[in-house]
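Containing JSON, C-alpha atoms: input.json.
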```json
[["chain", "number", "residue", "atom", "x", "y", "z"],
["W", 1, "MET", "CA", -108.22, -11.38, 51.37],
["W", 2, "LYS", "CA", -105.36, -12.79, 53.48],
["W", 3, "THR", "CA", -104.48, -15.14, 50.66],
["W", 4, "THR", "CA", -104.33, -12.29, 48.17],
["W", 5, "ILE", "CA", -101.91, -10.28, 50.33],
["W", 6, "THR", "CA", -99.66, -13.31, 50.80],
["W", 7, "GLN", "CA", -99.55, -13.90, 47.01],
["W", 8, "TYR", "CA", -98.81, -10.24, 46.46],
["W", 9, "SER", "CA", -95.90, -10.39, 48.91],
["W", 10, "ARG", "CA", -94.47, -13.43, 47.16],
["W", 11, "ILE", "CA", -94.75, -11.69, 43.79],
["W", 12, "LYS", "CA", -92.83, -8.69, 45.21],
["W", 13, "GLN", "CA", -90.14, -10.96, 46.55],
["W", 14, "ILE", "CA", -89.79, -12.77, 43.22],
["W", 15, "TYR", "CA", -89.64, -9.43, 41.42],
["W", 16, "PHE", "CA", -86.95, -8.16, 43.81],
["W", 17, "VAL", "CA", -84.84, -11.29, 43.37],
["W", 18, "MET", "CA", -85.13, -11.10, 39.58],
["W", 19, "SER", "CA", -84.23, -7.39, 39.58],
["W", 20, "LEU", "CA", -81.21, -8.06, 41.79],
["W", 21, "ALA", "CA", -80.05, -10.91, 39.55],
["W", 22, "LEU", "CA", -80.51, -8.74, 36.48],
["W", 23, "LEU", "CA", -78.50, -5.95, 38.08],
["W", 24, "LEU", "CA", -75.66, -8.28, 39.04],
["W", 25, "PHE", "CA", -75.60, -9.78, 35.55],
["W", 26, "SER", "CA", -75.47, -6.30, 34.00],
["W", 27, "CYS", "CA", -72.55, -5.31, 36.21],
["W", 28, "GLN", "CA", -70.68, -8.50, 35.37],
["W", 29, "SER", "CA", -71.27, -7.94, 31.64],
["W", 30, "LYS", "CA", -69.88, -4.40, 31.88],
["W", 31, "ASP", "CA", -66.86, -5.58, 33.83],
["W", 32, "LYS", "CA", -66.22, -8.34, 31.34],
["W", 33, "ALA", "CA", -66.55, -5.96, 28.40],
["W", 34, "GLY", "CA", -64.15, -3.56, 30.10],
["W", 35, "ASP", "CA", -61.68, -6.38, 30.72],
["W", 36, "ASP", "CA", -61.89, -7.48, 27.10],
["W", 37, "GLU", "CA", -61.29, -3.92, 25.94],
["W", 38, "ASP", "CA", -58.30, -3.57, 28.25],
["W", 39, "ALA", "CA", -56.94, -6.91, 27.02],
["W", 40, "LYS", "CA", -57.16, -5.69, 23.45],
["W", 41, "VAL", "CA", -55.24, -2.53, 24.32],
["W", 42, "VAL", "CA", -52.56, -4.48, 26.19],
["W", 43, "SER", "CA", -52.08, -6.98, 23.34],
["W", 44, "GLN", "CA", -51.13, -4.26, 20.87],
["W", 45, "THR", "CA", -47.34, -4.34, 20.51],
["W", 46, "PRO", "CA", -45.66, -0.95, 19.91],
["W", 47, "VAL", "CA", -43.67, -1.06, 16.67],
["W", 48, "THR", "CA", -41.85, 1.20, 14.24],
["W", 49, "VAL", "CA", -42.09, 0.75, 10.49],
["W", 50, "THR", "CA", -40.19, 1.57, 7.34],
["W", 51, "GLY", "CA", -40.63, 1.31, 3.59],
["W", 52, "VAL", "CA", -38.72, -0.67, 0.96],
["W", 53, "ASP", "CA", -35.74, 1.13, -0.56],
["W", 54, "ASN", "CA", -34.61, 0.72, -4.17],
["W", 55, "SER", "CA", -30.95, 1.71, -4.50],
["W", 56, "ALA", "CA", -27.47, 0.47, -5.36],
["W", 57, "LEU", "CA", -26.01, -2.26, -3.15],
["W", 58, "ILE", "CA", -22.32, -3.15, -2.87],
["W", 59, "ASP", "CA", -20.92, -6.22, -1.15],
["W", 60, "TYR", "CA", -17.36, -5.48, -0.06],
["W", 61, "VAL", "CA", -14.65, -6.43, 2.42],
["W", 62, "ASP", "CA", -12.11, -4.10, 4.08],
["W", 63, "LEU", "CA", -8.53, -5.34, 4.43],
["W", 64, "ASN", "CA", -5.38, -3.87, 5.97],
["W", 65, "ALA", "CA", -2.73, -2.41, 3.65],
["W", 66, "THR", "CA", 0.63, -1.15, 4.99],
["W", 67, "SER", "CA", 2.71, 1.54, 3.29],
["W", 68, "THR", "CA", 6.30, 0.66, 2.43],
["W", 69, "THR", "CA", 8.99, 1.08, -0.22],
["W", 70, "LEU", "CA", 10.02, -1.93, -2.27],
["W", 71, "GLN", "CA", 13.40, -0.54, -3.34],
["W", 72, "LYS", "CA", 16.00, 0.41, -0.72],
["W", 73, "ASN", "CA", 19.52, 1.49, -1.69],
["W", 74, "TYR", "CA", 22.33, 0.89, 0.79],
["W", 75, "VAL", "CA", 25.06, 3.51, 1.06],
["W", 76, "LYS", "CA", 28.35, 1.81, 2.04],
["W", 77, "SER", "CA", 31.89, 2.84, 2.79],
["W", 78, "ASN", "CA", 34.49, 2.20, 0.07],
["W", 79, "ALA", "CA", 37.53, 2.25, 2.35],
["W", 80, "ASN", "CA", 38.72, 1.85, 5.90],
["W", 81, "GLY", "CA", 38.82, 5.24, 7.54],
["W", 82, "TYR", "CA", 37.16, 7.99, 9.53],
["W", 83, "VAL", "CA", 33.94, 9.84, 8.70],
["W", 84, "GLN", "CA", 34.87, 13.51, 8.26],
["W", 85, "GLU", "CA", 31.57, 14.99, 7.07],
["W", 86, "VAL", "CA", 27.94, 13.83, 7.04],
["W", 87, "ASN", "CA", 25.67, 15.70, 4.59],
["W", 88, "ALA", "CA", 22.55, 13.66, 5.29],
["W", 89, "GLN", "CA", 19.74, 13.63, 7.84],
["W", 90, "LEU", "CA", 16.92, 11.21, 8.57],
["W", 91, "GLY", "CA", 13.98, 11.90, 6.29],
["W", 92, "GLN", "CA", 16.01, 14.13, 3.98],
["W", 93, "ASN", "CA", 15.24, 13.87, 0.27],
["W", 94, "VAL", "CA", 18.37, 13.32, -1.77],
["W", 95, "SER", "CA", 19.10, 13.17, -5.48],
["W", 96, "LYS", "CA", 21.26, 10.76, -7.42],
["W", 97, "GLY", "CA", 24.94, 11.71, -7.25],
["W", 98, "GLN", "CA", 24.57, 13.92, -4.18],
["W", 99, "VAL", "CA", 27.56, 13.72, -1.77],
["W", 100, "LEU", "CA", 26.40, 12.22, 1.51],
["W", 101, "PHE", "CA", 29.60, 11.29, 3.36],
["W", 102, "THR", "CA", 33.27, 12.27, 3.27],
["W", 103, "ILE", "CA", 35.69, 9.61, 4.54],
["W", 104, "LYS", "CA", 39.39, 10.04, 5.18],
["W", 105, "THR", "CA", 41.31, 6.80, 4.90],
["W", 106, "LYS", "CA", 43.18, 5.35, 7.84],
["W", 107, "GLU", "CA", 46.50, 5.75, 6.01],
["W", 108, "ALA", "CA", 45.88, 9.41, 5.25],
["W", 109, "GLN", "CA", 44.86, 10.03, 8.84],
["W", 110, "THR", "CA", 48.10, 8.42, 10.03],
["W", 111, "ILE", "CA", 50.59, 9.83, 7.50],
["W", 112, "GLY", "CA", 48.90, 13.22, 7.08],
["W", 113, "ASN", "CA", 50.43, 15.43, 4.35],
["W", 114, "SER", "CA", 53.93, 13.97, 4.69],
["W", 115, "ILE", "CA", 53.82, 12.46, 1.21],
["W", 116, "ASN", "CA", 52.77, 15.76, -0.36],
["W", 117, "VAL", "CA", 55.65, 17.50, 1.39],
["W", 118, "LEU", "CA", 58.11, 14.99, -0.02],
["W", 119, "ASP", "CA", 56.60, 15.05, -3.50],
["W", 120, "THR", "CA", 54.36, 18.03, -4.38],
["W", 121, "THR", "CA", 53.29, 16.41, -7.65],
["W", 122, "PHE", "CA", 51.75, 13.40, -5.94],
["W", 123, "LYS", "CA", 48.67, 15.30, -4.61],
["W", 124, "PHE", "CA", 47.68, 12.62, -2.13],
["W", 125, "SER", "CA", 44.70, 13.49, 0.12],
["W", 126, "GLY", "CA", 43.25, 10.14, 1.11],
["W", 127, "VAL", "CA", 39.71, 11.63, 1.18],
["W", 128, "ASN", "CA", 36.81, 9.72, -0.44],
["W", 129, "LYS", "CA", 33.40, 11.17, -1.20],
["W", 130, "ILE", "CA", 30.43, 8.78, -0.90],
["W", 131, "LYS", "CA", 27.53, 9.73, -3.19],
["W", 132, "ALA", "CA", 23.87, 8.67, -3.39],
["W", 133, "SER", "CA", 23.38, 5.96, -5.99],
["W", 134, "ALA", "CA", 19.66, 6.67, -6.46],
["W", 135, "PRO", "CA", 17.10, 9.38, -5.54],
["W", 136, "GLY", "CA", 14.91, 8.98, -2.48],
["W", 137, "TYR", "CA", 14.89, 9.87, 1.20],
["W", 138, "ILE", "CA", 17.19, 8.82, 4.04],
["W", 139, "SER", "CA", 15.33, 6.18, 6.06],
["W", 140, "LEU", "CA", 18.31, 5.03, 8.15],
["W", 141, "LEU", "CA", 21.51, 6.79, 9.19],
["W", 142, "SER", "CA", 24.11, 4.53, 10.81],
["W", 143, "HIS", "CA", 27.14, 6.78, 11.41],
["W", 144, "GLN", "CA", 28.10, 10.33, 12.27],
["W", 145, "ALA", "CA", 31.23, 12.45, 11.89],
["W", 146, "GLY", "CA", 34.25, 11.00, 13.70],
["W", 147, "ASP", "CA", 33.18, 7.35, 13.47],
["W", 148, "TYR", "CA", 35.64, 4.78, 12.22],
["W", 149, "VAL", "CA", 34.19, 2.61, 9.45],
["W", 150, "GLN", "CA", 35.46, -0.37, 7.52],
["W", 151, "ASP", "CA", 35.36, -1.03, 3.81],
["W", 152, "GLY", "CA", 31.84, -2.16, 2.79],
["W", 153, "GLU", "CA", 30.22, -1.08, 6.07],
["W", 154, "GLN", "CA", 26.68, 0.34, 5.81],
["W", 155, "LEU", "CA", 26.44, 4.11, 6.30],
["W", 156, "ALA", "CA", 22.83, 4.84, 5.41],
["W", 157, "ILE", "CA", 19.76, 3.53, 3.61],
["W", 158, "ILE", "CA", 17.98, 5.47, 0.86],
["W", 159, "SER", "CA", 14.34, 4.51, 0.31],
["W", 160, "ASP", "CA", 13.37, 4.97, -3.32],
["W", 161, "ARG", "CA", 10.28, 7.19, -3.36],
["W", 162, "SER", "CA", 9.29, 5.92, -6.81],
["W", 163, "SER", "CA", 8.88, 2.40, -5.37],
["W", 164, "PHE", "CA", 6.46, 3.54, -2.64],
["W", 165, "ILE", "CA", 3.46, 1.18, -2.42],
["W", 166, "PHE", "CA", 0.79, -0.20, -0.10],
["W", 167, "LEU", "CA", 1.13, -3.91, 0.60],
["W", 168, "MET", "CA", -2.28, -5.52, 1.21],
["W", 169, "GLN", "CA", -2.65, -8.94, 2.84],
["W", 170, "LEU", "CA", -5.35, -10.71, 0.83],
["W", 171, "PRO", "CA", -6.96, -13.94, 2.13],
["W", 172, "TYR", "CA", -6.43, -16.41, -0.67],
["W", 173, "GLU", "CA", -10.13, -17.33, -0.84],
["W", 174, "LEU", "CA", -10.77, -13.75, -2.02],
["W", 175, "ARG", "CA", -8.21, -13.96, -4.82],
["W", 176, "GLN", "CA", -10.94, -14.14, -7.46],
["W", 177, "TYR", "CA", -12.11, -10.62, -6.58],
["W", 178, "VAL", "CA", -8.75, -8.91, -7.17],
["W", 179, "GLN", "CA", -7.16, -8.55, -10.61],
["W", 180, "THR", "CA", -4.01, -6.83, -11.82],
["W", 181, "GLY", "CA", -4.77, -3.29, -12.95],
["W", 182, "GLN", "CA", -8.00, -2.78, -11.01],
["W", 183, "ASN", "CA", -8.51, 0.30, -8.85],
["W", 184, "VAL", "CA", -8.65, -0.01, -5.06],
["W", 185, "ASP", "CA", -10.00, 2.63, -2.67],
["W", 186, "LEU", "CA", -7.69, 3.26, 0.31],
["W", 187, "THR", "CA", -8.81, 5.02, 3.49],
["W", 188, "LEU", "CA", -6.00, 6.48, 5.60],
["W", 189, "PRO", "CA", -6.23, 7.02, 9.36],
["W", 190, "GLY", "CA", -8.20, 10.22, 9.82],
["W", 191, "GLY", "CA", -10.56, 9.49, 6.91],
["W", 192, "THR", "CA", -8.48, 10.70, 3.94],
["W", 193, "LYS", "CA", -9.26, 8.64, 0.83],
["W", 194, "ILE", "CA", -6.87, 7.92, -2.03],
["W", 195, "THR", "CA", -7.05, 5.62, -5.05],
["W", 196, "GLY", "CA", -4.47, 2.96, -5.80],
["W", 197, "ARG", "CA", -4.00, 0.40, -8.55],
["W", 198, "VAL", "CA", -3.17, -3.29, -8.16],
["W", 199, "ASN", "CA", 0.34, -3.67, -9.60],
["W", 200, "SER", "CA", 1.36, -7.25, -8.80],
["W", 201, "PHE", "CA", 1.01, -10.22, -6.46],
["W", 202, "MET", "CA", 3.68, -11.60, -4.19],
["W", 203, "PRO", "CA", 4.75, -15.12, -5.27],
["W", 204, "THR", "CA", 4.27, -16.67, -1.81],
["W", 205, "VAL", "CA", 1.43, -17.15, 0.68],
["W", 206, "ASP", "CA", 1.75, -16.84, 4.44],
["W", 207, "THR", "CA", 1.75, -20.36, 5.89],
["W", 208, "VAL", "CA", -0.32, -19.56, 8.98],
["W", 209, "ALA", "CA", -2.71, -16.82, 7.83],
["W", 210, "GLN", "CA", -3.01, -18.10, 4.23],
["W", 211, "THR", "CA", -2.83, -14.54, 2.91],
["W", 212, "GLN", "CA", -1.07, -13.30, -0.21],
["W", 213, "GLY", "CA", 0.66, -9.94, -0.46],
["W", 214, "VAL", "CA", -0.82, -7.59, -3.08],
["W", 215, "VAL", "CA", 1.21, -4.59, -4.29],
["W", 216, "ILE", "CA", -0.96, -1.47, -4.66],
["W", 217, "LYS", "CA", 0.71, 1.46, -6.41],
["W", 218, "VAL", "CA", -0.26, 5.01, -5.44],
["W", 219, "ASN", "CA", 0.86, 8.47, -6.54],
["W", 220, "PRO", "CA", 4.54, 8.65, -5.42],
["W", 221, "ASP", "CA", 4.38, 12.44, -5.16],
["W", 222, "ARG", "CA", 2.04, 12.20, -2.20],
["W", 223, "GLN", "CA", 4.02, 12.40, 1.05],
["W", 224, "ILE", "CA", 2.84, 9.36, 3.02],
["W", 225, "PRO", "CA", 5.04, 7.87, 5.76],
["W", 226, "GLU", "CA", 6.09, 4.23, 5.78],
["W", 227, "ASN", "CA", 4.36, 1.64, 7.98],
["W", 228, "LEU", "CA", 1.03, 3.50, 7.83],
["W", 229, "VAL", "CA", -1.90, 1.06, 7.96],
["W", 230, "ALA", "CA", -4.80, 1.94, 5.64],
["W", 231, "LYS", "CA", -8.09, 0.21, 4.88],
["W", 232, "ALA", "CA", -8.34, -1.22, 1.36],
["W", 233, "ARG", "CA", -11.88, -1.90, 0.12],
["W", 234, "ILE", "CA", -12.34, -4.92, -2.14],
["W", 235, "VAL", "CA", -15.69, -5.04, -3.96],
["W", 236, "LYS", "CA", -17.05, -8.58, -4.24],
["W", 237, "SER", "CA", -20.30, -7.77, -6.09],
["W", 238, "SER", "CA", -22.65, -4.87, -6.74],
["W", 239, "LYS", "CA", -26.16, -4.20, -8.03],
["W", 240, "SER", "CA", -27.43, -0.88, -9.30],
["W", 241, "ASN", "CA", -31.15, -1.04, -8.41],
["W", 242, "SER", "CA", -32.44, -3.60, -5.91],
["W", 243, "GLN", "CA", -35.16, -3.53, -3.27],
["W", 244, "SER", "CA", -33.69, -3.75, 0.21],
["W", 245, "LEU", "CA", -34.64, -3.52, 3.88],
["W", 246, "PRO", "CA", -32.69, -2.88, 7.08],
["W", 247, "LYS", "CA", -31.28, -5.99, 8.75],
["W", 248, "SER", "CA", -33.50, -5.33, 11.76],
["W", 249, "ALA", "CA", -36.58, -6.00, 9.61],
["W", 250, "ILE", "CA", -35.49, -9.55, 8.77],
["W", 251, "LEU", "CA", -36.46, -12.36, 11.15],
["W", 252, "ALA", "CA", -35.24, -15.97, 10.97],
["W", 253, "ASN", "CA", -35.68, -19.36, 12.57],
["W", 254, "GLU", "CA", -33.06, -20.95, 14.81],
["W", 255, "THR", "CA", -31.32, -22.74, 11.94],
["W", 256, "GLN", "CA", -31.22, -19.61, 9.75],
["W", 257, "THR", "CA", -33.00, -21.42, 6.92],
["W", 258, "ASP", "CA", -36.30, -19.54, 6.83],
["W", 259, "PHE", "CA", -36.61, -15.77, 6.74],
["W", 260, "TRP", "CA", -39.61, -13.48, 6.99],
["W", 261, "VAL", "CA", -40.76, -9.93, 7.68],
["W", 262, "MET", "CA", -43.83, -8.52, 9.43],
["W", 263, "LYS", "CA", -45.84, -6.41, 6.98],
["W", 264, "LEU", "CA", -48.70, -4.13, 7.99],
["W", 265, "ILE", "CA", -52.01, -4.74, 6.23],
["W", 266, "ASN", "CA", -53.64, -1.87, 8.14],
["W", 267, "ASP", "CA", -52.71, 0.50, 10.96],
["W", 268, "SER", "CA", -53.07, -2.16, 13.67],
["W", 269, "THR", "CA", -52.41, -5.57, 12.07],
["W", 270, "ALA", "CA", -49.11, -7.12, 10.93],
["W", 271, "ILE", "CA", -48.82, -10.37, 9.05],
["W", 272, "LYS", "CA", -45.90, -12.73, 8.47],
["W", 273, "VAL", "CA", -44.48, -12.63, 4.93],
["W", 274, "PRO", "CA", -41.71, -15.13, 3.96],
["W", 275, "VAL", "CA", -38.82, -13.52, 2.06],
["W", 276, "LYS", "CA", -35.72, -14.65, 0.17],
["W", 277, "GLU", "CA", -32.49, -12.79, 0.95],
["W", 278, "GLY", "CA", -29.89, -11.69, -1.57],
["W", 279, "LEU", "CA", -26.92, -9.35, -1.36],
["W", 280, "GLN", "CA", -25.98, -7.81, 2.00],
["W", 281, "SER", "CA", -24.36, -4.40, 2.14],
["W", 282, "GLY", "CA", -23.68, -2.73, 5.47],
["W", 283, "ASP", "CA", -26.97, -2.69, 7.39],
["W", 284, "ARG", "CA", -29.09, -3.33, 4.26],
["W", 285, "VAL", "CA", -30.30, -6.70, 2.92],
["W", 286, "GLU", "CA", -31.51, -7.28, -0.63],
["W", 287, "ILE", "CA", -34.97, -8.86, -0.90],
["W", 288, "LEU", "CA", -35.14, -11.12, -3.95],
["W", 289, "SER", "CA", -38.77, -12.13, -3.37],
["W", 290, "PRO", "CA", -41.55, -11.22, -2.97],
["W", 291, "LYS", "CA", -41.74, -7.88, -4.75],
["W", 292, "PHE", "CA", -42.96, -5.17, -2.37],
["W", 293, "SER", "CA", -44.57, -1.92, -3.43],
["W", 294, "GLY", "CA", -43.46, 1.53, -2.39],
["W", 295, "LYS", "CA", -46.51, 1.84, -0.12],
["W", 296, "ASP", "CA", -45.85, -1.32, 1.89],
["W", 297, "ARG", "CA", -44.92, -0.79, 5.54],
["W", 298, "ILE", "CA", -42.50, -3.22, 7.17],
["W", 299, "VAL", "CA", -41.93, -3.52, 10.93],
["W", 300, "ILE", "CA", -38.30, -2.82, 11.93],
["W", 301, "SER", "CA", -38.55, -2.71, 15.74],
["W", 302, "GLY", "CA", -40.84, -4.60, 18.10],
["W", 303, "ASN", "CA", -41.14, -7.39, 15.53],
["W", 304, "TYR", "CA", -39.24, -10.08, 17.46],
["W", 305, "GLY", "CA", -41.53, -12.85, 18.64],
["W", 306, "LEU", "CA", -44.65, -11.50, 16.91],
["W", 307, "PRO", "CA", -47.05, -14.22, 15.72],
["W", 308, "ASP", "CA", -48.73, -14.20, 12.34],
["W", 309, "THR", "CA", -51.58, -11.65, 12.19],
["W", 310, "ALA", "CA", -50.41, -9.76, 15.27],
["W", 311, "LYS", "CA", -52.05, -6.67, 16.74],
["W", 312, "VAL", "CA", -49.60, -3.76, 16.74],
["W", 313, "LYS", "CA", -49.51, -0.08, 17.47],
["W", 314, "ILE", "CA", -47.34, 2.20, 15.36],
["W", 315, "VAL", "CA", -45.16, 4.61, 17.36],
["W", 316, "ALA", "CA", -42.96, 7.40, 16.11],
["W", 317, "GLN", "CA", -39.32, 6.52, 15.47]]
```
Any chance you could give the structure as structure tokens?
Amino acid sequence: MKTTITQYSRIKQIYFVMSLALLLFSCQSKDKAGDDEDAKVVSQTPVTVTGVDNSALIDYVDLNATSTTLQKNYVKSNANGYVQEVNAQLGQNVSKGQVLFTIKTKEAQTIGNSINVLDTTFKFSGVNKIKASAPGYISLLSHQAGDYVQDGEQLAIISDRSSFIFLMQLPYELRQYVQTGQNVDLTLPGGTKITGRVNSFMPTVDTVAQTQGVVIKVNPDRQIPENLVAKARIVKSSKSNSQSLPKSAILANETQTDFWVMKLINDSTAIKVPVKEGLQSGDRVEILSPKFSGKDRIVISGNYGLPDTAKVKIVAQ
């Protein structure tokens, strides 16, 4: 009987130890499963996605173009004397033949009307009228009434409005993209847009900058001041219908020789897809290959450093 009780006690002890071991193992399994589940949640990278766009792409460059007048007419004195009247102001529009200055010669100022008193038929006044030789506006006024001037001295400058142009400095390596007669879009400070036409090329190139002056004619009736700097857009190439993605969707290696995107194959998995770039326009990049469908979703943020077949979580943009 004593032996039976002892065996029974041992059986209870073995059962207790086994139950305790089973309980500990069960707890460890649950903890491990929970850790694995947490790890899976943590490994999901939050990303935003976009689709492929099919639209027109334009590759262009913006260059500075400065307004100026090519033709300037110099108004000069035709005698030594004193300026009696000035009929011109800075910025004033004048017509051809309009009297701008009245000059009384030095001799007439000295002698006065003595000669006319001696001989009434002589009709000597000694007053010369200086007229505008061409239409335009007064861009420089050098003298005022009472000034003494010499023969041939400059009195004013008339800028010929009909010769008003924008002079664009074109890097010579872009010469192939600009031809005589082509239209050029000009954007003035403030956002106003006008259209000009390439009229001619300057015969010299700047030694340091290696740029060539390009004359762009605009409507001369439009009142635009000189020395205004506008942006001239030169189109290098364009395509009417090409698939493109934002630049942020394109990833590259350190040497910029291989390019790829991360494409979603389901709501939580992104794979690496090599791509070939084409035309770049603004923040868009043409994708020459492969051909994506309209339903494909491409990662545009959170994609940096993602491995192939990465776990992701889509978040709202």
> Contacts of segment 83-87 of chain W at 7 Å or less, counting all atoms listed in the file, minus same-chain residues fewer than 2 places along, as a ChimeraX atom specification?
Replying inline: /W:81,99-104,144-148
> What separation in Å, quoted to one decimal, exists between atom CA of Asn253 of chain W and atom CA of Val52 of chain W?
Replying inline: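 Going from atom CA of Asn253 of chain W over to atom CA of Val52 of chain W covers 22.2 Å.
Within 12 Å of the point (-29.0, -5.4, -7.9), and counting only C-alpha atoms, the protein, DNA and RNA residues are Asp53, Asn54, Ser55, Ala56, Leu57, Ile58, Asp59, Ser237, Ser238, Lys239, Ser240, Asn241, Ser242, Gln243, Ser244, Gly278, Leu279, Gln280, Ser281, Val285, Glu286, Ile287 and Leu288 of chain W.
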> Which of these, W:Asp206, W:Asp283, W:Asp151, W:Glu254, has the shortest distance to Tyr172 of chain W once you count only C-alpha atoms?
Replying inline: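 Closest to Tyr172 of chain W of all the choices is W:Asp206.
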>> Between atom CA of Thr269 of chain W and atom CA of Asp308 of chain W, what is the distance in Å, rounded to a tenth?
In response: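 Value for the atom CA of Thr269 of chain W-atom CA of Asp308 of chain W distance: 9.4 Å.
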>> Just to confirm, what's the straight-line distance from atom CA of Lys236 of chain W to atom CA of Thr68 of chain W in Å (one decimal)?
In response: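 Result for atom CA of Lys236 of chain W versus atom CA of Thr68 of chain W: 26.0 Å, one decimal.
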>> My list of candidates is W:Leu264, W:Leu186, W:Leu63, W:Ala310. Which is closest to Gln212 of chain W when distances are computed with only C-alpha atoms?
In response: W:Leu63
>> Let me make sure I understand: among W:Ile314, W:Ala79, W:Val273, W:Ile165, which one has the smallest atom-to-atom distance to Thr195 of chain W if we use all atoms listed in the file?
In response: W:Ile165
Taking 3 positions as the minimum chain separation for residues in the same chain, which residues sit within 10 Å of Val235 of chain W when counting only C-alpha atoms? Answer as a PDB file with C-alpha atoms, keeping the file's coordinate frame.
```pdb
ATOM      1  CA  ILE W  58     -22.320  -3.150  -2.870  1.00  0.00           C
ATOM      2  CA  ASP W  59     -20.920  -6.220  -1.150  1.00  0.00           C
ATOM      3  CA  TYR W  60     -17.360  -5.480  -0.060  1.00  0.00           C
ATOM      4  CA  VAL W  61     -14.650  -6.430   2.420  1.00  0.00           C
ATOM      5  CA  ASP W  62     -12.110  -4.100   4.080  1.00  0.00           C
ATOM      6  CA  TYR W 177     -12.110 -10.620  -6.580  1.00  0.00           C
ATOM      7  CA  VAL W 178      -8.750  -8.910  -7.170  1.00  0.00           C
ATOM      8  CA  VAL W 184      -8.650  -0.010  -5.060  1.00  0.00           C
ATOM      9  CA  ASP W 185     -10.000   2.630  -2.670  1.00  0.00           C
ATOM     10  CA  ALA W 232      -8.340  -1.220   1.360  1.00  0.00           C
ATOM     11  CA  SER W 238     -22.650  -4.870  -6.740  1.00  0.00           C
TER      12      SER W 238
END
```
> Between W:Gln71, W:Asn183, W:Gln154, W:Gln176, which one has atoms that come closest to Gly136 of chain W, using all atoms listed in the file?
Replying inline: W:Gln71
> Closest to Asn93 of chain W among W:Ser159, W:Asn128, W:Thr69, W:Gln44, using all atoms listed in the file?
Replying inline: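 The closest residue to Asn93 of chain W is W:Ser159.
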> Between W:Ile234, W:Ala88, W:Val47, W:Val198, which one has atoms that come closest to Ile300 of chain W, using all atoms listed in the file?
Replying inline: W:Val47
